Amino acid sequence: MAPQYKFMLDDSQIPRQWYNIAADLQNPPSPPMHPGTGQPIGPDDLAPLFPMAIIGQEVSPERWIDIPEPVQDAYATYRATPLYRAHRLEQALGTPAHIYYKYEGASPVGSHKANTAIAQAFYNREEGVKRIATETGAGQWGSALAWACQMFGIELKVYMVKVSFEQKPYRKAMMNVFGAEVIASPSDTTEAGRNILASDPDTTGSLGIAISEAVEDAASRDDTRYSLGSVLNHVLMHQTVIGQEAMLQMEMAGEEPDVVIGCVGGGSNYAGLAFPFMRARLAEGAGTRFVATEPTSCPTLTQGTYAYDFGDVAGMTPLVKMATLGHTFVPPAIHAGGLRYHGMAPLISQLHSEGHIEAVAHPQRAVFDGAVQFARAEGIIPAPESSHAVRSAIDEALQAKDAGEERVILFNLSGHGLLDLGAYEQYFAGELEDHEYPVEQIAEALKLVPEVAAP
Ligand SMILES: *Cc1c(COP(=O)(O)O)cnc(C)c1O
């Protein structure tokens with residue numbers, strides 16, 4: 001019998017609810033704090049930035065939250081996404097491990113980010129918001145939100161990290177196609193941007209800087225709200241459609257994962273795949289391992305500190321307890337732009353600090369070695385971000401080979417790399433740098449993490 005490569009769900013099996021892991025945590029989450037008063041923030045503090053429905057989800061204790069019908073309809077244009085068994089990669093590696101991957105690159109914008117973009121655009125439209133300001137790293141979030149805003153009739157302004165604006169011109173074009181306005185960050189159109197440019201005119205930009213600009217834009221206009229593509233609880237929750245589908249698909253395959261892997265920038269694609277599986281570990285002590293992978297040049301979980309810090313460079317966002325390299329840290333300009341963030345989702349950070357999630361860091365060239373090996377076996381070219389998960393999946397499969405063990409590996413292929421071919425070109429030309437772990441910059445940035453008393 002031919003091996004089964006692909007596991008598909010029919011439309012009736014698409015999730016109708018999001019899973020909120022806050023309901024199953026073993027310790028209560030640490031509340032976000034007001035940057036001015038140092039006290040826990042309330043809904044009113046967030047109202048200038050987010051629609052009330054989103055604020056409600058951010059703090060909700062409910063385990064299951066219904067997905068509104070218009071959001072389900074939009075999901076139905078590309079969900080469920082396929083789950084693949086990587087038979088050809090297994091053969092290439094000569095491993096007894098079984099490797100499965102959930103392919104979020106199958107969305108129209110090429111990544112998982114559409115899952116929350118659609119939900120956020122919907123709730124903004126419901127509350128009469130006319131315009132959204134946001135930031136984007138490599139451009140995946142900007143393109144996903146541009147498409148979603150187009151669907152729900154909202155104007156969008158995107159502050160795009162300067163290095164990506166220059167490295168990835170097609171992502172900018174894609175946002176323009178969907179009707180968004182895109183500007184390189186730091187820009188001279190915001191005070192936060194002008195301050196950075198004054199002190200460092202040649203900066204490559206960073207997500208932390210772009211967030212300051214987008215938040216300032218949204219806070220200064222009544223018709224505008226802000227939207228974040230990762231990190232926050234509601235974003236992670238919207239992504240749980242990935243893991244819920246994957247659970248059903250693994251059932252179809254007749255297997256359960258021994259290890260669940262994903263790359264982490266702010267933590268959303270990994271949370272999306274992992275949290276529905278994590279539930280059994282939290283509730284019943286299931287032995288499934290969870291591995292989060294990140295770049296050595298931005299090693300938030302492996303080298304950061306777990307403390308209250310700002311989400312942005314200018315210190316305008318609430319303080320949240322998370323793994324952080326310091327809000328002033330500007331990571332080296334690696335190609336996995338979506339992983340260049342100084343912080344990490346509080347939920348992922350907490351589960352890591354409690355020992356439920358392991359973290360691994362990979363240097364850029366080893367990541368591309370794995371990506372090319374994967375692409376040659378499977379026919380899908382992974383995004384540089386997703387390639388960190390590919391690297392870890394290959395490493396797990398090779399360890400299983402050494403141990404003669406039939407390990408079942410599941411990872412999230414969060415996006416395709418068809419708009420990142422410039423990075424592959426550099427890799428083949430031998431021009432890709434392995435940045436040293438930026439010890440001194442991180443030490444400096446960690447000194448500026450604020451002292452916040454526990455509530
Ligand atoms: C944005 C992005 C990431 C990183 O963000 P997370 O919130 O950690 O998921 C990873 N992969 C792809 C394809 C992305 O677009």
# chains A, B, ... in the order shown; residues from 1 in each chain; ligands from 1
>>> closest_atom_pairs(of="chain A", to="ligand 1", cutoff="7 Å", atoms="only C-alpha atoms and all ligand atoms", output="CSV")
residue,atom,partner,partner_atom_place_in_ligand_line,distance
A:Ser111,CA,ligand 1,13 (C),4.9
A:His112,CA,ligand 1,13 (C),6.6
A:Lys113,CA,ligand 1,15 (O),6.2
A:Gln140,CA,ligand 1,15 (O),4.6
A:Trp141,CA,ligand 1,1 (C),6.0
A:Gly229,CA,ligand 1,7 (O),6.7
A:Ser230,CA,ligand 1,7 (O),4.3
A:Val231,CA,ligand 1,7 (O),6.2
A:Cys263,CA,ligand 1,10 (C),6.1
A:Val264,CA,ligand 1,8 (O),3.8
A:Gly265,CA,ligand 1,8 (O),3.4
A:Gly266,CA,ligand 1,8 (O),4.0
A:Gly267,CA,ligand 1,8 (O),3.5
A:Ser268,CA,ligand 1,7 (O),3.6
A:Asn269,CA,ligand 1,9 (O),3.6
A:Tyr270,CA,ligand 1,9 (O),5.9
A:Gly338,CA,ligand 1,1 (C),4.3
A:Leu339,CA,ligand 1,4 (C),5.3
A:Ala383,CA,ligand 1,13 (C),5.6
A:Glu385,CA,ligand 1,11 (N),4.6
A:Ser386,CA,ligand 1,11 (N),5.0
A:Ser414,CA,ligand 1,13 (C),4.4
A:Gly415,CA,ligand 1,13 (C),3.7
A:His416,CA,ligand 1,13 (C),6.7
>>> select_by_dssp(residues="range 186-341 of chain A", states="helix (DSSP H, G or I)", output="JSON, numbers by chain")
{"A": [191, 192, 193, 194, 195, 196, 197, 198, 199, 207, 208, 209, 210, 211, 212, 213, 214, 215, 216, 217, 218, 219, 233, 234, 235, 236, 237, 238, 241, 242, 243, 244, 245, 246, 247, 248, 249, 250, 251, 252, 253, 268, 269, 270, 271, 272, 273, 274, 275, 276, 277, 278, 279, 280, 281, 282, 283, 284, 300, 301, 302, 303, 337, 338, 339]}
>>> closest_residue(among="A:Asn233, A:Gln441, A:Thr317, A:Gln244", to="Ala345 in chain A", atoms="only C-alpha atoms")
A:Asn233
>>> residues_around(residues="range 19-32 of chain A", least_positions_apart="3", cutoff="8 Å", atoms="only C-alpha atoms", output="ChimeraX atom specification")
/A:40-41,60-65,237-238,240-241,275-276,279,282-283,318-321,347,350
>>> write_last_selection(atoms="N, CA, C and O atoms", output="short mmCIF file (atom, residue, chain, number, x, y, z; two decimals), in the first residue's frame")
data_model
loop_
_atom_site.label_atom_id
_atom_site.label_comp_id
_atom_site.auth_asym_id
_atom_site.auth_seq_id
_atom_site.Cartn_x
_atom_site.Cartn_y
_atom_site.Cartn_z
N PRO A 40 -1.79 47.19 38.16
CA PRO A 40 -2.41 46.38 37.10
C PRO A 40 -3.33 47.25 36.23
O PRO A 40 -4.03 48.12 36.75
N ILE A 41 -3.32 47.02 34.91
CA ILE A 41 -4.15 47.84 34.04
C ILE A 41 -5.56 47.28 33.96
O ILE A 41 -5.79 46.09 34.17
N SER A 60 -9.99 36.90 29.40
CA SER A 60 -11.06 35.94 29.65
C SER A 60 -10.57 34.68 30.37
O SER A 60 -9.51 34.15 30.05
N PRO A 61 -11.35 34.20 31.36
CA PRO A 61 -11.03 32.92 32.01
C PRO A 61 -11.73 31.74 31.35
O PRO A 61 -11.55 30.60 31.78
N GLU A 62 -12.57 32.00 30.32
CA GLU A 62 -13.33 30.91 29.68
C GLU A 62 -12.42 29.99 28.88
O GLU A 62 -11.56 30.47 28.14
N ARG A 63 -12.66 28.69 28.97
CA ARG A 63 -11.81 27.74 28.24
C ARG A 63 -12.08 27.76 26.74
O ARG A 63 -11.17 27.63 25.94
N TRP A 64 -13.36 27.90 26.37
CA TRP A 64 -13.72 27.87 24.94
C TRP A 64 -14.43 29.15 24.57
O TRP A 64 -15.33 29.60 25.29
N ILE A 65 -14.06 29.76 23.48
CA ILE A 65 -14.70 31.00 23.02
C ILE A 65 -15.19 30.79 21.59
O ILE A 65 -14.42 30.36 20.71
N MET A 237 -4.67 32.76 21.26
CA MET A 237 -5.93 32.00 21.28
C MET A 237 -6.51 31.83 19.87
O MET A 237 -6.96 30.73 19.51
N HIS A 238 -6.48 32.93 19.07
CA HIS A 238 -7.01 32.81 17.70
C HIS A 238 -6.26 31.74 16.90
O HIS A 238 -6.81 31.14 15.98
N THR A 240 -5.27 28.90 17.91
CA THR A 240 -5.46 27.51 18.35
C THR A 240 -6.30 26.67 17.39
O THR A 240 -6.43 25.46 17.59
N VAL A 241 -6.84 27.30 16.33
CA VAL A 241 -7.49 26.48 15.30
C VAL A 241 -6.45 25.51 14.70
O VAL A 241 -6.79 24.40 14.28
N PHE A 275 -0.80 24.58 22.17
CA PHE A 275 -1.68 24.68 23.34
C PHE A 275 -2.78 23.61 23.39
O PHE A 275 -3.01 23.04 24.46
N PRO A 276 -3.45 23.30 22.27
CA PRO A 276 -4.45 22.24 22.37
C PRO A 276 -3.82 20.89 22.81
O PRO A 276 -4.48 20.12 23.53
N ARG A 279 -2.84 20.84 26.73
CA ARG A 279 -3.93 20.68 27.70
C ARG A 279 -3.80 19.36 28.45
O ARG A 279 -3.97 19.31 29.68
N LEU A 282 -1.01 19.54 31.04
CA LEU A 282 -1.35 20.34 32.22
C LEU A 282 -2.38 19.63 33.09
O LEU A 282 -2.29 19.63 34.31
N ALA A 283 -3.37 19.00 32.45
CA ALA A 283 -4.48 18.41 33.21
C ALA A 283 -4.15 17.01 33.72
O ALA A 283 -4.50 16.66 34.84
N PRO A 318 1.87 48.59 27.86
CA PRO A 318 1.85 48.07 29.23
C PRO A 318 3.09 47.21 29.49
O PRO A 318 3.71 46.69 28.56
N LEU A 319 3.43 47.08 30.78
CA LEU A 319 4.50 46.18 31.18
C LEU A 319 3.92 44.78 31.32
O LEU A 319 2.88 44.61 31.98
N VAL A 320 4.55 43.80 30.70
CA VAL A 320 4.06 42.43 30.86
C VAL A 320 5.19 41.54 31.32
O VAL A 320 6.36 41.78 31.00
N LYS A 321 4.85 40.52 32.12
CA LYS A 321 5.87 39.60 32.60
C LYS A 321 6.14 38.58 31.51
O LYS A 321 5.25 37.84 31.08
N LEU A 347 2.21 33.97 27.92
CA LEU A 347 1.76 32.58 28.15
C LEU A 347 2.86 31.58 27.82
O LEU A 347 3.08 30.61 28.55
N GLN A 350 5.58 31.92 30.57
CA GLN A 350 5.21 31.27 31.84
C GLN A 350 5.35 29.75 31.74
O GLN A 350 5.93 29.11 32.63
#
>>> select_by_dssp(residues="range 260-443 of chain A", states="strand (DSSP E or B)", output="ChimeraX atom specification")
/A:260-263,289-295,305-310,319-324,358-362,382,408-413,415-416
>>> atom_distance(atom1="CA of Ala280 in chain A", atom2="CA of Asp66 in chain A")
21.2 Å
>>> residues_around(residues="range 126-132 of chain A", least_positions_apart="2", cutoff="12 Å", atoms="only C-alpha atoms", output="VMD selection string")
chain A and resid 47 to 54 68 70 to 71 117 119 to 124 134 to 135 142 145 to 146 148 to 150 152 to 159 180 to 181 214 to 228
>>> closest_residue(among="A:Asp369, A:Glu358, A:Glu284, A:Glu104", to="Thr302 in chain A", atoms="only C-alpha atoms")
A:Glu358
>>> atom_distance(atom1="CA of Thr37 in chain A", atom2="CA of Glu191 in chain A")
22.3 Å
>>> residues_around(residues="range 309-316 of chain A", least_positions_apart="2", cutoff="8 Å", atoms="only C-alpha atoms", output="PDB file with N, CA, C and O atoms, in the first residue's frame")
ATOM      1  N   PRO A  35       2.289  51.388  32.511  1.00  0.00           N
ATOM      2  CA  PRO A  35       3.667  51.892  32.484  1.00  0.00           C
ATOM      3  C   PRO A  35       3.859  53.133  33.366  1.00  0.00           C
ATOM      4  O   PRO A  35       4.962  53.364  33.870  1.00  0.00           O
ATOM      5  N   ALA A 192       8.152  58.876  18.192  1.00  0.00           N
ATOM      6  CA  ALA A 192       9.009  57.735  18.539  1.00  0.00           C
ATOM      7  C   ALA A 192      10.033  57.489  17.431  1.00  0.00           C
ATOM      8  O   ALA A 192      11.223  57.282  17.702  1.00  0.00           O
ATOM      9  N   LEU A 207      11.219  45.332  15.561  1.00  0.00           N
ATOM     10  CA  LEU A 207       9.797  45.261  15.870  1.00  0.00           C
ATOM     11  C   LEU A 207       9.451  46.177  17.035  1.00  0.00           C
ATOM     12  O   LEU A 207       8.425  46.840  17.034  1.00  0.00           O
ATOM     13  N   GLY A 208      10.363  46.243  18.027  1.00  0.00           N
ATOM     14  CA  GLY A 208      10.109  47.088  19.194  1.00  0.00           C
ATOM     15  C   GLY A 208       9.935  48.554  18.808  1.00  0.00           C
ATOM     16  O   GLY A 208       9.108  49.271  19.386  1.00  0.00           O
ATOM     17  N   ILE A 209      10.718  49.003  17.828  1.00  0.00           N
ATOM     18  CA  ILE A 209      10.611  50.393  17.364  1.00  0.00           C
ATOM     19  C   ILE A 209       9.314  50.586  16.570  1.00  0.00           C
ATOM     20  O   ILE A 209       8.566  51.552  16.783  1.00  0.00           O
ATOM     21  N   ALA A 210       9.047  49.660  15.670  1.00  0.00           N
ATOM     22  CA  ALA A 210       7.851  49.781  14.824  1.00  0.00           C
ATOM     23  C   ALA A 210       6.575  49.745  15.661  1.00  0.00           C
ATOM     24  O   ALA A 210       5.593  50.433  15.355  1.00  0.00           O
ATOM     25  N   ILE A 211       6.584  48.960  16.738  1.00  0.00           N
ATOM     26  CA  ILE A 211       5.413  48.916  17.631  1.00  0.00           C
ATOM     27  C   ILE A 211       5.195  50.292  18.252  1.00  0.00           C
ATOM     28  O   ILE A 211       4.061  50.787  18.302  1.00  0.00           O
ATOM     29  N   SER A 212       6.290  50.946  18.706  1.00  0.00           N
ATOM     30  CA  SER A 212       6.141  52.292  19.282  1.00  0.00           C
ATOM     31  C   SER A 212       5.460  53.225  18.292  1.00  0.00           C
ATOM     32  O   SER A 212       4.577  54.010  18.655  1.00  0.00           O
ATOM     33  N   VAL A 215       1.668  52.229  17.795  1.00  0.00           N
ATOM     34  CA  VAL A 215       0.876  52.544  18.993  1.00  0.00           C
ATOM     35  C   VAL A 215       0.653  54.053  19.083  1.00  0.00           C
ATOM     36  O   VAL A 215      -0.456  54.515  19.367  1.00  0.00           O
ATOM     37  N   ALA A 307      10.888  38.578  33.356  1.00  0.00           N
ATOM     38  CA  ALA A 307      10.637  39.776  34.164  1.00  0.00           C
ATOM     39  C   ALA A 307       9.612  40.670  33.477  1.00  0.00           C
ATOM     40  O   ALA A 307       9.350  40.527  32.283  1.00  0.00           O
ATOM     41  N   PRO A 318       1.870  48.585  27.861  1.00  0.00           N
ATOM     42  CA  PRO A 318       1.851  48.073  29.226  1.00  0.00           C
ATOM     43  C   PRO A 318       3.090  47.206  29.493  1.00  0.00           C
ATOM     44  O   PRO A 318       3.708  46.692  28.562  1.00  0.00           O
ATOM     45  N   LEU A 319       3.425  47.081  30.777  1.00  0.00           N
ATOM     46  CA  LEU A 319       4.501  46.183  31.176  1.00  0.00           C
ATOM     47  C   LEU A 319       3.920  44.784  31.318  1.00  0.00           C
ATOM     48  O   LEU A 319       2.884  44.611  31.982  1.00  0.00           O
ATOM     49  N   VAL A 320       4.547  43.800  30.698  1.00  0.00           N
ATOM     50  CA  VAL A 320       4.056  42.433  30.861  1.00  0.00           C
ATOM     51  C   VAL A 320       5.195  41.542  31.324  1.00  0.00           C
ATOM     52  O   VAL A 320       6.358  41.781  31.003  1.00  0.00           O
ATOM     53  N   LYS A 321       4.847  40.522  32.120  1.00  0.00           N
ATOM     54  CA  LYS A 321       5.872  39.599  32.600  1.00  0.00           C
ATOM     55  C   LYS A 321       6.144  38.580  31.509  1.00  0.00           C
ATOM     56  O   LYS A 321       5.246  37.844  31.081  1.00  0.00           O
ATOM     57  N   MET A 322       7.379  38.575  31.034  1.00  0.00           N
ATOM     58  CA  MET A 322       7.711  37.703  29.903  1.00  0.00           C
ATOM     59  C   MET A 322       9.210  37.439  29.866  1.00  0.00           C
ATOM     60  O   MET A 322       9.983  38.117  30.535  1.00  0.00           O
ATOM     61  N   THR A 324      12.501  38.171  28.221  1.00  0.00           N
ATOM     62  CA  THR A 324      12.886  39.360  27.465  1.00  0.00           C
ATOM     63  C   THR A 324      14.405  39.510  27.413  1.00  0.00           C
ATOM     64  O   THR A 324      15.108  39.091  28.330  1.00  0.00           O
ATOM     65  N   GLY A 326      15.391  42.589  26.924  1.00  0.00           N
ATOM     66  CA  GLY A 326      15.433  44.029  27.189  1.00  0.00           C
ATOM     67  C   GLY A 326      14.785  44.778  26.033  1.00  0.00           C
ATOM     68  O   GLY A 326      15.109  44.540  24.876  1.00  0.00           O
ATOM     69  N   HIS A 327      13.867  45.723  26.358  1.00  0.00           N
ATOM     70  CA  HIS A 327      13.068  46.346  25.291  1.00  0.00           C
ATOM     71  C   HIS A 327      13.904  47.242  24.384  1.00  0.00           C
ATOM     72  O   HIS A 327      13.438  47.628  23.317  1.00  0.00           O
ATOM     73  N   THR A 328      15.135  47.570  24.778  1.00  0.00           N
ATOM     74  CA  THR A 328      15.971  48.414  23.916  1.00  0.00           C
ATOM     75  C   THR A 328      16.869  47.578  23.000  1.00  0.00           C
ATOM     76  O   THR A 328      17.606  48.123  22.188  1.00  0.00           O
ATOM     77  N   GLY A 343      11.010  40.319  23.108  1.00  0.00           N
ATOM     78  CA  GLY A 343      10.186  39.690  24.139  1.00  0.00           C
ATOM     79  C   GLY A 343       9.578  38.387  23.665  1.00  0.00           C
ATOM     80  O   GLY A 343       9.956  37.832  22.631  1.00  0.00           O
ATOM     81  N   VAL A 449      15.861  46.886  31.778  1.00  0.00           N
ATOM     82  CA  VAL A 449      14.568  46.272  32.113  1.00  0.00           C
ATOM     83  C   VAL A 449      14.106  46.904  33.423  1.00  0.00           C
ATOM     84  O   VAL A 449      14.852  46.928  34.396  1.00  0.00           O
ATOM     85  N   PRO A 450      12.883  47.485  33.447  1.00  0.00           N
ATOM     86  CA  PRO A 450      12.463  48.231  34.645  1.00  0.00           C
ATOM     87  C   PRO A 450      12.258  47.331  35.848  1.00  0.00           C
ATOM     88  O   PRO A 450      11.976  46.142  35.710  1.00  0.00           O
TER      89      PRO A 450
END
>>> closest_atom_pairs(of="range 384-422 of chain A", to="range 255-261 of chain A", cutoff="12 Å", atoms="only C-alpha atoms", output="JSON lines")
{"residue": "A:Ser386", "atom": "CA", "partner": "A:Ile261", "partner_atom": "CA", "distance": 10.3}
{"residue": "A:Ser387", "atom": "CA", "partner": "A:Ile261", "partner_atom": "CA", "distance": 11.3}
{"residue": "A:His388", "atom": "CA", "partner": "A:Ile261", "partner_atom": "CA", "distance": 9.6}
{"residue": "A:Ala389", "atom": "CA", "partner": "A:Ile261", "partner_atom": "CA", "distance": 6.2}
{"residue": "A:Val390", "atom": "CA", "partner": "A:Ile261", "partner_atom": "CA", "distance": 8.6}
{"residue": "A:Arg391", "atom": "CA", "partner": "A:Ile261", "partner_atom": "CA", "distance": 10.0}
{"residue": "A:Ser392", "atom": "CA", "partner": "A:Ile261", "partner_atom": "CA", "distance": 7.3}
{"residue": "A:Ala393", "atom": "CA", "partner": "A:Ile261", "partner_atom": "CA", "distance": 6.9}
{"residue": "A:Ile394", "atom": "CA", "partner": "A:Ile261", "partner_atom": "CA", "distance": 10.7}
{"residue": "A:Asp395", "atom": "CA", "partner": "A:Ile261", "partner_atom": "CA", "distance": 11.1}
{"residue": "A:Glu396", "atom": "CA", "partner": "A:Val259", "partner_atom": "CA", "distance": 8.6}
{"residue": "A:Ala397", "atom": "CA", "partner": "A:Val259", "partner_atom": "CA", "distance": 10.5}
{"residue": "A:Ala400", "atom": "CA", "partner": "A:Asp258", "partner_atom": "CA", "distance": 11.2}
{"residue": "A:Glu405", "atom": "CA", "partner": "A:Asp258", "partner_atom": "CA", "distance": 11.1}
{"residue": "A:Glu406", "atom": "CA", "partner": "A:Asp258", "partner_atom": "CA", "distance": 9.6}
{"residue": "A:Arg407", "atom": "CA", "partner": "A:Asp258", "partner_atom": "CA", "distance": 6.3}
{"residue": "A:Val408", "atom": "CA", "partner": "A:Pro257", "partner_atom": "CA", "distance": 4.9}
{"residue": "A:Ile409", "atom": "CA", "partner": "A:Val259", "partner_atom": "CA", "distance": 5.2}
{"residue": "A:Leu410", "atom": "CA", "partner": "A:Val260", "partner_atom": "CA", "distance": 4.9}
{"residue": "A:Phe411", "atom": "CA", "partner": "A:Ile261", "partner_atom": "CA", "distance": 4.5}
{"residue": "A:Asn412", "atom": "CA", "partner": "A:Ile261", "partner_atom": "CA", "distance": 6.6}
{"residue": "A:Leu413", "atom": "CA", "partner": "A:Ile261", "partner_atom": "CA", "distance": 9.5}
{"residue": "A:Ser414", "atom": "CA", "partner": "A:Ile261", "partner_atom": "CA", "distance": 11.0}
>>> closest_residue(among="A:Thr95, A:Phe165, A:Glu213, A:Arg88", to="Ala403 in chain A", atoms="only C-alpha atoms")
A:Thr95
